[in-house]
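Coordinates as given in model00.tsv (TSV, C-alpha atoms):
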chain	number	residue	atom	x	y	z
A	1	MET	CA	-18.78	-127.65	-13.24
A	2	ALA	CA	-22.42	-127.30	-14.27
A	3	GLN	CA	-23.86	-123.80	-14.23
A	4	PRO	CA	-26.21	-123.21	-11.27
A	5	ALA	CA	-29.89	-123.00	-12.07
A	6	THR	CA	-31.60	-119.64	-11.79
A	7	ILE	CA	-34.34	-119.85	-9.17
A	8	GLU	CA	-37.59	-118.35	-10.40
A	9	PRO	CA	-40.34	-117.17	-8.04
A	10	PHE	CA	-43.07	-118.36	-10.44
A	11	GLY	CA	-43.91	-121.94	-11.35
A	12	THR	CA	-46.41	-123.35	-13.82
A	13	ARG	CA	-48.99	-121.11	-15.41
A	14	TYR	CA	-52.52	-121.39	-14.07
A	15	ALA	CA	-54.72	-123.85	-15.98
A	16	ALA	CA	-57.69	-124.96	-13.87
A	17	VAL	CA	-58.50	-126.32	-10.43
A	18	ALA	CA	-59.92	-129.70	-9.55
A	19	ALA	CA	-63.16	-130.01	-7.63
A	20	ALA	CA	-62.86	-129.49	-3.89
A	21	PRO	CA	-62.56	-132.72	-1.86
A	22	SER	CA	-65.72	-133.67	0.01
A	23	GLN	CA	-64.04	-133.25	3.44
A	24	GLN	CA	-61.98	-130.15	2.63
A	25	ALA	CA	-62.29	-126.67	1.17
A	26	ARG	CA	-60.12	-125.69	-1.78
A	27	ILE	CA	-58.75	-122.14	-1.64
A	28	VAL	CA	-57.24	-120.18	-4.54
A	29	LEU	CA	-55.52	-116.93	-3.55
A	30	TYR	CA	-54.31	-114.76	-6.41
A	31	ARG	CA	-52.88	-111.34	-7.14
A	32	PRO	CA	-53.77	-110.38	-10.74
A	33	GLY	CA	-51.63	-108.39	-13.13
A	34	PRO	CA	-48.60	-108.98	-15.34
A	35	ARG	CA	-46.03	-111.14	-13.58
A	36	ALA	CA	-43.46	-108.91	-11.89
A	37	GLN	CA	-41.10	-109.05	-8.91
A	38	VAL	CA	-42.65	-106.08	-7.16
A	39	GLU	CA	-43.18	-105.71	-3.41
A	40	PRO	CA	-44.91	-108.90	-2.23
A	41	VAL	CA	-48.18	-109.17	-0.35
A	42	ASN	CA	-47.55	-111.48	2.59
A	43	ILE	CA	-50.45	-113.82	3.40
A	44	TYR	CA	-51.04	-115.02	6.97
A	45	LEU	CA	-53.62	-117.63	7.98
A	46	ASN	CA	-54.61	-117.50	11.65
A	47	GLY	CA	-51.45	-115.49	12.28
A	48	ARG	CA	-49.06	-117.97	10.60
A	49	TYR	CA	-47.15	-117.19	7.42
A	50	HIS	CA	-48.47	-118.79	4.24
A	51	ALA	CA	-47.05	-117.09	1.13
A	52	SER	CA	-45.61	-113.93	-0.40
A	53	LEU	CA	-47.69	-113.19	-3.47
A	54	LEU	CA	-46.01	-111.19	-6.19
A	55	GLN	CA	-48.04	-109.52	-8.89
A	56	GLY	CA	-49.25	-112.19	-11.29
A	57	GLY	CA	-48.94	-115.03	-8.77
A	58	TYR	CA	-51.41	-117.45	-7.21
A	59	SER	CA	-51.42	-119.98	-4.36
A	60	GLU	CA	-53.75	-122.97	-4.15
A	61	PHE	CA	-54.28	-125.19	-1.10
A	62	CYS	CA	-56.86	-127.24	0.78
A	63	ALA	CA	-58.06	-126.79	4.37
A	64	LEU	CA	-60.57	-128.21	6.81
A	65	ALA	CA	-63.91	-126.46	7.15
A	66	GLY	CA	-64.13	-123.69	9.72
A	67	PRO	CA	-63.36	-120.04	10.45
A	68	VAL	CA	-60.00	-118.58	9.40
A	69	VAL	CA	-58.56	-115.10	9.94
A	70	LEU	CA	-56.60	-113.92	6.92
A	71	HIS	CA	-54.12	-111.06	6.78
A	72	ALA	CA	-52.79	-109.70	3.48
A	73	VAL	CA	-49.95	-107.24	4.09
A	74	LEU	CA	-48.20	-105.29	1.35
A	75	ALA	CA	-44.42	-104.78	1.82
A	76	ASP	CA	-44.54	-106.47	5.23
A	77	ALA	CA	-40.74	-106.48	5.58
A	78	GLN	CA	-40.82	-102.71	5.83
A	79	LYS	CA	-43.26	-103.10	8.73
A	80	LEU	CA	-40.88	-105.50	10.54
A	81	HIS	CA	-43.37	-108.30	9.74
A	82	THR	CA	-45.95	-106.88	12.15
A	83	GLY	CA	-48.77	-106.65	9.60
A	84	LYS	CA	-50.38	-109.82	10.93
A	85	GLN	CA	-51.08	-108.06	14.22
A	86	GLY	CA	-53.94	-106.06	12.70
A	87	ALA	CA	-57.62	-107.02	12.66
A	88	GLY	CA	-57.46	-109.15	9.52
A	89	GLN	CA	-60.44	-110.52	7.56
A	90	SER	CA	-62.56	-113.47	8.63
A	91	TRP	CA	-63.62	-116.25	6.28
A	92	THR	CA	-65.46	-119.52	6.82
A	93	PHE	CA	-64.13	-122.37	4.71
A	94	GLN	CA	-66.73	-124.94	3.66
A	95	SER	CA	-66.08	-128.60	2.83
A	96	GLY	CA	-66.59	-129.45	-0.83
A	97	LYS	CA	-66.47	-125.78	-1.85
A	98	THR	CA	-63.84	-123.85	-3.82
A	99	LEU	CA	-63.19	-120.29	-2.69
A	100	PHE	CA	-61.50	-117.78	-5.01
A	101	LEU	CA	-59.88	-114.90	-3.12
A	102	LYS	CA	-58.45	-111.92	-4.99
A	103	VAL	CA	-55.64	-110.03	-3.27
A	104	GLN	CA	-56.00	-106.35	-4.07
A	105	GLU	CA	-53.10	-103.91	-4.21
A	106	ALA	CA	-54.24	-102.14	-1.03
A	107	GLY	CA	-53.69	-105.39	0.86
A	108	ARG	CA	-57.38	-106.32	1.12
A	109	VAL	CA	-58.88	-109.62	-0.04
A	110	ALA	CA	-62.17	-110.01	-1.90
A	111	GLU	CA	-64.15	-113.15	-2.71
A	112	MET	CA	-64.69	-113.49	-6.45
A	113	ALA	CA	-67.21	-115.40	-8.52
A	114	ALA	CA	-65.63	-118.43	-10.17
A	115	GLU	CA	-66.20	-117.17	-13.72
A	116	GLN	CA	-64.48	-113.83	-13.16
A	117	ALA	CA	-61.70	-115.38	-11.10
A	118	GLN	CA	-60.93	-117.87	-13.86
A	119	ARG	CA	-60.54	-115.03	-16.36
A	120	GLU	CA	-58.17	-113.12	-14.10
A	121	LEU	CA	-56.23	-116.23	-13.13
A	122	ALA	CA	-55.48	-117.02	-16.79
A	123	ASP	CA	-52.49	-114.67	-16.75
A	124	THR	CA	-51.04	-115.82	-13.41
A	125	ALA	CA	-48.49	-118.46	-12.43
A	126	GLN	CA	-48.03	-120.47	-9.24
A	127	GLN	CA	-45.99	-118.76	-6.52
A	128	ILE	CA	-43.24	-121.21	-5.53
A	129	HIS	CA	-40.38	-119.29	-3.89
A	130	THR	CA	-41.48	-119.63	-0.25
A	131	ILE	CA	-42.93	-122.36	1.96
A	132	SER	CA	-46.18	-122.12	3.91
A	133	ARG	CA	-45.82	-122.30	7.70
A	134	SER	CA	-49.55	-122.33	8.44
A	135	PRO	CA	-51.17	-125.42	10.03
A	136	VAL	CA	-54.36	-124.41	8.22
A	137	VAL	CA	-52.83	-125.58	4.92
A	138	GLN	CA	-53.28	-129.27	4.12
A	139	ASP	CA	-52.47	-131.56	1.22
A	140	CYS	CA	-55.59	-131.96	-0.89
A	141	GLN	CA	-57.41	-135.26	-0.67
A	142	ALA	CA	-58.74	-136.90	-3.80
A	143	PRO	CA	-62.17	-135.61	-4.86
A	144	ALA	CA	-65.01	-137.89	-3.90
A	145	PRO	CA	-65.74	-140.48	-6.60
A	146	VAL	CA	-68.95	-140.15	-8.60
A	147	LEU	CA	-71.14	-143.21	-8.12
A	148	ALA	CA	-72.64	-144.41	-11.37
A	149	GLN	CA	-75.16	-147.13	-12.08
A	150	ALA	CA	-73.46	-150.40	-12.88
A	151	PRO	CA	-73.55	-151.19	-16.62
A	152	ALA	CA	-75.28	-154.27	-17.94
A	153	PRO	CA	-73.03	-157.34	-18.07
A	154	VAL	CA	-71.34	-158.06	-21.40
A	155	PRO	CA	-70.03	-161.35	-22.74
A	156	ALA	CA	-66.64	-162.28	-21.39
A	157	ALA	CA	-63.85	-161.29	-23.71
A	158	ARG	CA	-60.45	-162.87	-24.12
A	159	PRO	CA	-58.20	-161.31	-21.50
A	160	VAL	CA	-55.53	-159.01	-22.81
A	161	ALA	CA	-52.30	-158.65	-20.91
A	162	ALA	CA	-52.20	-155.24	-19.30
A	163	LYS	CA	-49.39	-152.99	-20.43
A	164	PRO	CA	-47.18	-152.15	-17.45
A	165	PRO	CA	-47.44	-148.49	-16.49
A	166	THR	CA	-44.63	-146.23	-17.56
A	167	PRO	CA	-42.58	-145.32	-14.50
A	168	ARG	CA	-42.78	-141.68	-13.55
A	169	PRO	CA	-39.45	-139.89	-14.08
A	170	PRO	CA	-37.87	-138.12	-11.14
A	171	VAL	CA	-39.44	-134.69	-10.67
A	172	PRO	CA	-37.27	-131.83	-9.33
A	173	ARG	CA	-39.12	-129.47	-7.00
A	174	LEU	CA	-37.93	-126.29	-5.36
A	175	TYR	CA	-38.44	-125.39	-1.70
A	176	ALA	CA	-36.99	-122.44	0.18
A	177	LEU	CA	-36.16	-121.60	3.77
A	178	GLU	CA	-35.90	-117.96	4.80
A	179	THR	CA	-32.54	-117.76	6.55
A	180	ASP	CA	-33.54	-114.82	8.77
A	181	ALA	CA	-35.65	-117.37	10.67
A	182	LEU	CA	-32.67	-119.75	10.94
A	183	PHE	CA	-29.55	-117.62	11.41
A	184	GLU	CA	-28.48	-114.31	12.89
A	185	PHE	CA	-27.48	-111.73	10.28
A	186	GLY	CA	-24.05	-112.61	8.90
A	187	LYS	CA	-23.74	-115.87	10.89
A	188	SER	CA	-24.06	-119.60	10.15
A	189	GLU	CA	-24.94	-120.91	13.63
A	190	LEU	CA	-28.58	-121.94	13.94
A	191	ARG	CA	-30.89	-119.96	16.18
A	192	ALA	CA	-32.45	-121.96	19.01
A	193	SER	CA	-35.87	-121.26	17.49
A	194	SER	CA	-34.93	-122.52	14.02
A	195	TYR	CA	-35.23	-126.26	14.58
A	196	ASN	CA	-39.01	-126.25	14.29
A	197	ALA	CA	-38.86	-124.70	10.80
A	198	ILE	CA	-36.36	-127.34	9.67
A	199	GLU	CA	-38.45	-130.13	11.17
A	200	ILE	CA	-41.52	-128.87	9.27
A	201	MET	CA	-39.50	-128.81	6.05
A	202	ALA	CA	-38.20	-132.35	6.59
A	203	GLN	CA	-41.69	-133.70	7.24
A	204	ARG	CA	-43.02	-131.97	4.14
A	205	LEU	CA	-40.34	-133.51	1.93
A	206	LYS	CA	-41.21	-136.94	3.31
A	207	ARG	CA	-44.89	-136.33	2.50
A	208	ASP	CA	-44.23	-134.99	-0.99
A	209	PHE	CA	-41.88	-137.75	-2.20
A	210	SER	CA	-42.15	-141.52	-2.13
A	211	GLY	CA	-38.47	-141.79	-3.01
A	212	VAL	CA	-35.72	-139.14	-3.07
A	213	GLU	CA	-32.89	-139.41	-5.59
A	214	ARG	CA	-30.92	-136.24	-4.88
A	215	ILE	CA	-31.22	-133.16	-2.68
A	216	ARG	CA	-29.42	-130.02	-3.83
A	217	VAL	CA	-29.04	-127.44	-1.04
A	218	VAL	CA	-28.06	-123.96	-2.24
A	219	GLY	CA	-27.30	-121.08	0.10
A	220	HIS	CA	-27.93	-117.47	-0.96
A	221	THR	CA	-27.08	-114.18	0.72
A	222	ASP	CA	-27.96	-110.57	0.11
A	223	ALA	CA	-25.58	-108.18	-1.67
A	224	ILE	CA	-24.42	-106.46	1.53
A	225	GLY	CA	-20.73	-107.10	2.16
A	226	GLN	CA	-17.90	-108.55	0.10
A	227	PRO	CA	-18.74	-111.18	-2.56
A	228	LYS	CA	-16.08	-113.61	-1.32
A	229	ALA	CA	-17.34	-113.46	2.27
A	230	ASN	CA	-20.96	-113.84	1.09
A	231	ALA	CA	-20.07	-116.92	-0.97
A	232	LYS	CA	-18.40	-118.51	2.06
A	233	LEU	CA	-21.33	-117.67	4.35
A	234	SER	CA	-23.91	-119.06	1.92
A	235	LEU	CA	-21.98	-122.33	1.60
A	236	GLU	CA	-21.67	-122.70	5.38
A	237	ARG	CA	-25.40	-122.16	5.82
A	238	ALA	CA	-26.19	-124.69	3.09
A	239	LYS	CA	-24.00	-127.27	4.86
A	240	VAL	CA	-25.83	-126.69	8.15
A	241	VAL	CA	-29.27	-127.12	6.55
A	242	ALA	CA	-28.18	-130.26	4.66
A	243	GLN	CA	-26.84	-131.79	7.87
A	244	GLN	CA	-30.10	-131.05	9.70
A	245	LEU	CA	-32.17	-132.67	6.93
A	246	GLN	CA	-29.92	-135.72	6.97
A	247	GLU	CA	-30.25	-136.05	10.74
A	248	ARG	CA	-34.03	-136.05	10.29
A	249	GLY	CA	-33.94	-139.17	8.14
A	250	LEU	CA	-33.67	-137.78	4.61
A	251	LYS	CA	-31.25	-140.02	2.75
A	252	PRO	CA	-31.31	-139.42	-1.02
A	253	SER	CA	-30.03	-142.38	-3.03
A	254	LYS	CA	-27.52	-140.16	-4.89
A	255	GLY	CA	-26.70	-138.01	-1.89
A	256	PHE	CA	-26.70	-134.31	-1.14
A	257	LYS	CA	-25.17	-131.63	-3.34
A	258	ILE	CA	-24.24	-128.53	-1.36
A	259	GLU	CA	-23.52	-125.16	-2.96
A	260	GLY	CA	-23.11	-121.54	-1.93
A	261	GLU	CA	-24.01	-118.89	-4.47
A	262	GLY	CA	-23.55	-115.78	-2.35
A	263	SER	CA	-25.49	-112.88	-3.87
A	264	THR	CA	-25.30	-114.01	-7.50
A	265	HIS	CA	-29.01	-114.93	-7.74
A	266	LEU	CA	-31.06	-112.20	-6.08
A	267	VAL	CA	-34.85	-112.56	-6.18
A	268	LYS	CA	-35.42	-108.98	-5.05
A	269	LEU	CA	-33.61	-106.19	-6.81
A	270	ARG	CA	-33.15	-102.45	-6.30
A	271	CYS	CA	-32.05	-102.75	-2.64
A	272	GLY	CA	-29.10	-100.75	-1.37
A	273	ASN	CA	-25.86	-102.51	-0.50
A	274	LYS	CA	-24.88	-100.55	2.61
A	275	PRO	CA	-25.57	-102.32	5.95
A	276	THR	CA	-28.39	-100.02	7.03
A	277	PRO	CA	-31.56	-101.35	8.74
A	278	GLU	CA	-33.61	-100.33	5.71
A	279	ASN	CA	-31.37	-102.19	3.28
A	280	LYS	CA	-31.30	-105.30	5.49
A	281	LEU	CA	-35.11	-105.38	5.50
A	282	CYS	CA	-35.26	-104.84	1.75
A	283	HIS	CA	-32.84	-107.71	1.14
A	284	ALA	CA	-34.67	-110.19	3.41
A	285	PRO	CA	-36.10	-112.31	0.52
A	286	ASN	CA	-32.58	-112.71	-0.90
A	287	ARG	CA	-31.27	-114.37	2.27
A	288	ARG	CA	-32.50	-117.92	1.79
A	289	VAL	CA	-31.51	-121.56	1.43
A	290	ASP	CA	-33.05	-123.25	-1.60
A	291	ILE	CA	-33.72	-126.99	-1.46
A	292	VAL	CA	-34.11	-128.65	-4.86
A	293	VAL	CA	-35.36	-132.22	-4.52
A	294	THR	CA	-35.28	-134.76	-7.33
A	295	GLY	CA	-37.34	-137.87	-6.80
A	296	ALA	CA	-40.65	-139.62	-7.31
A	297	SER	CA	-43.53	-137.41	-6.20
A	298	ARG	CA	-46.42	-138.95	-4.33
Conversion result in structure tokens:
Amino acid sequence: MAQPATIEPFGTRYAAVAAAPSQQARIVLYRPGPRAQVEPVNIYLNGRYHASLLQGGYSEFCALAGPVVLHAVLADAQKLHTGKQGAGQSWTFQSGKTLFLKVQEAGRVAEMAAEQAQRELADTAQQIHTISRSPVVQDCQAPAPVLAQAPAPVPAARPVAAKPPTPRPPVPRLYALETDALFEFGKSELRASSYNAIEIMAQRLKRDFSGVERIRVVGHTDAIGQPKANAKLSLERAKVVAQQLQERGLKPSKGFKIEGEGSTHLVKLRCGNKPTPENKLCHAPNRRVDIVVTGASR
């Protein structure tokens, strides 16, 4: 049996951003510093969860022009995820503009000049371990084409057969669902409120891929409880999520692969293993279902 892949919270290292589309704003949120799995800063856009930025991580997205209220909350799990109930900070996104927002350690956000932001972003990597739930976030449209003066006509040349494009290889991508939003603690029956989150995930996969080859669904638990029971629970939860995705029209050509890893791949360490409220909150990021999709990206 192949060894399970270790899920990393960071993706590709920051390189550069494309120009903002003419009908959208491009937003780059980042938390500078050496990459480390410290307490995350949860980002909320108009009260809806967007990302959990670790130190050294960044998130890039596009949005329509208009006002947005942004909350940046350090260690929000310890606050029972109530940080978004504060006043927040107001921003106005502008079409065709790129906005660099630096997340400071106190949980405040500051707009940065592009030159300074680029220097600080050089040491960051894309945050990939959670999925945005905010309707503000949109897929980026192509930048507006630059209109150039037509060149002078040249003599007709002998046509050369065009070389067929090289097909793009299947690209595996990682998505994650926080199981606290799907299941009661220690159970594998879906909450009544969980179907919306699964529907959003299914629609996103359909948008991101033109063809799906395989979907690997991997359940993870925290380290509270016995390893054998955690492995069984994580597998049962993975089966439930895979079934829900299949019922929503996702049919990979090579099928689903369902696994339960229990607590063998924690993304947050140094949490206690006794079933206290504090330890359950600390372990929240470890309770998740990872969805690894292999296919042709759009």
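Candidate residues A:Gly86, A:Pro135, A:Gly107, A:Pro252 were compared for distance to Pro40 (chain A), and the nearest is A:Gly107, using only C-alpha atoms.
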Glu178 (chain A) proximity check over A:Arg31, A:Lys232, A:His129, A:Lys102, using only C-alpha atoms: winner is A:His129
Using all atoms listed in the file, the shortest atom-to-atom distance to Ser59 (chain A) among A:Ala87, A:Gln94, A:Ile128, A:Pro34 belongs to A:Ile128
Nearest to Gly11 (chain A), restricted to only C-alpha atoms and choosing among A:Leu233, A:Leu190, A:Ala125, A:Leu29, comes out as A:Ala125
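Proximity to Asn196 (chain A) at 12 Å, evaluated using all atoms listed in the file and with sequence-adjacent residues fewer than 3 positions away removed, yields Arg133, Leu177, Ala181, Leu182, Leu190, Arg191, Ala192, Ser193, Glu199, Ile200, Met201, Ala202, Gln203, Gln244, Leu245 and Arg248 of chain A.
With distances taken over all atoms listed in the file, A:Glu39 is the one residue among A:Glu39, A:Phe10, A:Arg48, A:Lys251 lying closest to Cys271 (chain A).
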Give me the region 220-241 of chain A side of the contact with region 273-294 of chain A, cut-off 7 Å, one line per residue showing its nearest atom pair and distance in Å at one decimal, counting only C-alpha atoms, sorted by chain and residue number, as a tab-separated table.
residue	atom	partner	partner_atom	distance
A:His220	CA	A:Arg288	CA	5.4
A:Thr221	CA	A:Arg287	CA	4.5
A:Asp222	CA	A:Asn286	CA	5.2
A:Ala223	CA	A:Asn273	CA	5.8
A:Ile224	CA	A:Asn273	CA	4.7
A:Ala238	CA	A:Val289	CA	6.4
Would you kindly return, as number ranges by chain, each protein, DNA or RNA residue with an atom no farther than 9 Å from any atom of His81 (chain A), considering all atoms listed in the file and excluding same-chain residues fewer than 6 positions away?
A: 42, 73, 75
